[in-house]
Amino acid sequence: MIEKISHIGIAVKNMQEALSVFEDGIGLEVTSTDEVKAQKVRVAFLPVGETRLELLEPTQDDSPIAKFLENRGEGIHHIALKVTNIEESLAKLKEKGVKLINEEPVAGAHGTRIAFLHPKGTKGVMLELVEEGEHE
Ligand code: ZN
């Protein structure tokens, strides 16, 4: 059901400034960017071996990421788990009483389908399920 860690999401206030840290400073490289309208964020993916860092910058003041930045500041926002079948995964979690933010999959970056689990049910860690498209 869960294949691997797809990516680790990091909330940032300013993408350009964050890229200067993660590319110029740390030495990672952005391989893809996207804007996710449903989440009101701009994202950049930086591969690290099997997994990736996902930098998330809000595009609007009412973006969930803008709210996160306001409350918690910059930092790790979520850990994304790659699943083969997101509907099946959500149904199983619901059955087990796991608290979900998204009961149904929503559109993620690069044609993926995603759903967030509520951090209150998972020890304060927000988990994202992601079913990757063929372009991932
Ligand atoms: Zn993510």
# chains A, B, ... in the order shown; residues from 1 in each chain; ligands from 1
$ closest_atom_pairs --of "chain A" --to "ligand 1" --cutoff "9 Å" --atoms "only C-alpha atoms and all ligand atoms" --output "CSV"
residue,atom,partner,partner_atom_place_in_ligand_line,distance
A:Ser6,CA,ligand 1,1 (Zn),8.1
A:His7,CA,ligand 1,1 (Zn),6.4
A:Ile8,CA,ligand 1,1 (Zn),6.6
A:Gly9,CA,ligand 1,1 (Zn),5.0
A:Ile10,CA,ligand 1,1 (Zn),8.4
A:Val43,CA,ligand 1,1 (Zn),8.6
A:Leu53,CA,ligand 1,1 (Zn),8.7
A:Glu54,CA,ligand 1,1 (Zn),6.3
A:Leu55,CA,ligand 1,1 (Zn),8.6
A:Leu56,CA,ligand 1,1 (Zn),8.2
A:His77,CA,ligand 1,1 (Zn),8.5
A:His78,CA,ligand 1,1 (Zn),6.6
A:Ile79,CA,ligand 1,1 (Zn),6.9
A:Ala80,CA,ligand 1,1 (Zn),5.6
A:Leu81,CA,ligand 1,1 (Zn),8.9
A:Gly108,CA,ligand 1,1 (Zn),7.7
A:Ala109,CA,ligand 1,1 (Zn),8.0
A:Ile114,CA,ligand 1,1 (Zn),8.1
A:Phe116,CA,ligand 1,1 (Zn),9.0
A:Leu127,CA,ligand 1,1 (Zn),8.7
A:Glu128,CA,ligand 1,1 (Zn),6.4
A:Leu129,CA,ligand 1,1 (Zn),8.4
A:Val130,CA,ligand 1,1 (Zn),7.8
$ write_last_selection --atoms "N, CA and C atoms" --output "short mmCIF file (atom, residue, chain, number, x, y, z; two decimals), in the first residue's frame"
data_model
loop_
_atom_site.label_atom_id
_atom_site.label_comp_id
_atom_site.auth_asym_id
_atom_site.auth_seq_id
_atom_site.Cartn_x
_atom_site.Cartn_y
_atom_site.Cartn_z
N SER A 6 7.64 9.78 -0.90
CA SER A 6 7.66 10.49 -2.18
C SER A 6 8.47 11.77 -2.06
N HIS A 7 8.15 12.53 -1.03
CA HIS A 7 8.88 13.79 -0.80
C HIS A 7 8.61 14.31 0.60
N ILE A 8 9.41 15.28 0.99
CA ILE A 8 9.23 15.98 2.26
C ILE A 8 8.92 17.44 1.92
N GLY A 9 7.76 17.91 2.38
CA GLY A 9 7.32 19.27 2.05
C GLY A 9 7.83 20.28 3.06
N ILE A 10 8.42 21.36 2.57
CA ILE A 10 8.97 22.41 3.42
C ILE A 10 8.31 23.74 3.05
N VAL A 43 5.34 25.29 -6.12
CA VAL A 43 6.22 24.26 -5.57
C VAL A 43 7.46 24.07 -6.45
N LEU A 53 12.92 16.86 -1.89
CA LEU A 53 12.39 17.94 -1.05
C LEU A 53 11.41 18.71 -1.93
N GLU A 54 10.31 19.13 -1.32
CA GLU A 54 9.32 19.95 -2.03
C GLU A 54 9.23 21.28 -1.30
N LEU A 55 9.68 22.34 -1.95
CA LEU A 55 9.54 23.66 -1.34
C LEU A 55 8.18 24.21 -1.72
N LEU A 56 7.46 24.75 -0.72
CA LEU A 56 6.11 25.26 -0.94
C LEU A 56 6.04 26.74 -0.57
N HIS A 77 6.62 20.92 6.63
CA HIS A 77 5.16 21.02 6.63
C HIS A 77 4.50 19.64 6.57
N HIS A 78 5.03 18.76 5.75
CA HIS A 78 4.46 17.42 5.65
C HIS A 78 5.46 16.40 5.10
N ILE A 79 5.13 15.12 5.32
CA ILE A 79 5.87 14.02 4.72
C ILE A 79 4.89 13.30 3.80
N ALA A 80 5.28 13.13 2.54
CA ALA A 80 4.38 12.53 1.56
C ALA A 80 4.75 11.08 1.31
N LEU A 81 3.75 10.21 1.46
CA LEU A 81 3.94 8.78 1.24
C LEU A 81 3.34 8.39 -0.10
N GLY A 108 -2.81 17.38 -7.05
CA GLY A 108 -1.50 17.80 -6.55
C GLY A 108 -0.64 18.29 -7.71
N ALA A 109 0.66 18.46 -7.45
CA ALA A 109 1.58 18.93 -8.47
C ALA A 109 1.78 17.86 -9.55
N ILE A 114 -3.62 13.70 -4.52
CA ILE A 114 -3.11 13.71 -3.15
C ILE A 114 -4.25 13.80 -2.14
N PHE A 116 -4.45 14.79 2.32
CA PHE A 116 -3.73 15.01 3.57
C PHE A 116 -4.45 14.32 4.73
N LEU A 127 0.78 14.02 7.28
CA LEU A 127 1.14 13.09 6.22
C LEU A 127 0.31 13.39 4.99
N GLU A 128 0.91 13.23 3.83
CA GLU A 128 0.21 13.39 2.56
C GLU A 128 0.31 12.06 1.83
N LEU A 129 -0.81 11.58 1.33
CA LEU A 129 -0.77 10.42 0.45
C LEU A 129 -0.67 10.95 -0.97
N VAL A 130 0.15 10.33 -1.77
CA VAL A 130 0.26 10.78 -3.17
C VAL A 130 0.27 9.58 -4.10
#
$ residues_around --residues "Ile65 (chain A)" --least-positions-apart "5" --cutoff "12 Å" --atoms "only C-alpha atoms" --output "VMD selection string"
chain A and resid 9 to 14 36 38 to 43 55 to 60 70 to 78
$ select_by_dssp --residues "chain A" --states "strand (DSSP E or B)" --output "VMD selection string"
chain A and resid 2 to 11 32 to 36 41 to 48 51 to 58 75 to 83 100 106 to 107 113 to 117 127 to 131
$ closest_residue --among "A:Val125, A:Leu117, A:Ile2, A:Leu69" --to "Lys82 (chain A)" --atoms "only C-alpha atoms"
A:Ile2
$ select_by_dssp --residues "chain A" --states "helix (DSSP H, G or I)" --output "count of residues only"
39
$ closest_residue --among "A:Glu23, A:Glu131, A:Asp62, A:Glu35" --to "Glu88 (chain A)" --atoms "only C-alpha atoms"
A:Glu131
$ atom_distance --atom1 "CA of Thr122 (chain A)" --atom2 "CA of Lys96 (chain A)"
12.9 Å
$ atom_distance --atom1 "CA of Thr51 (chain A)" --atom2 "CA of Glu29 (chain A)"
12.8 Å
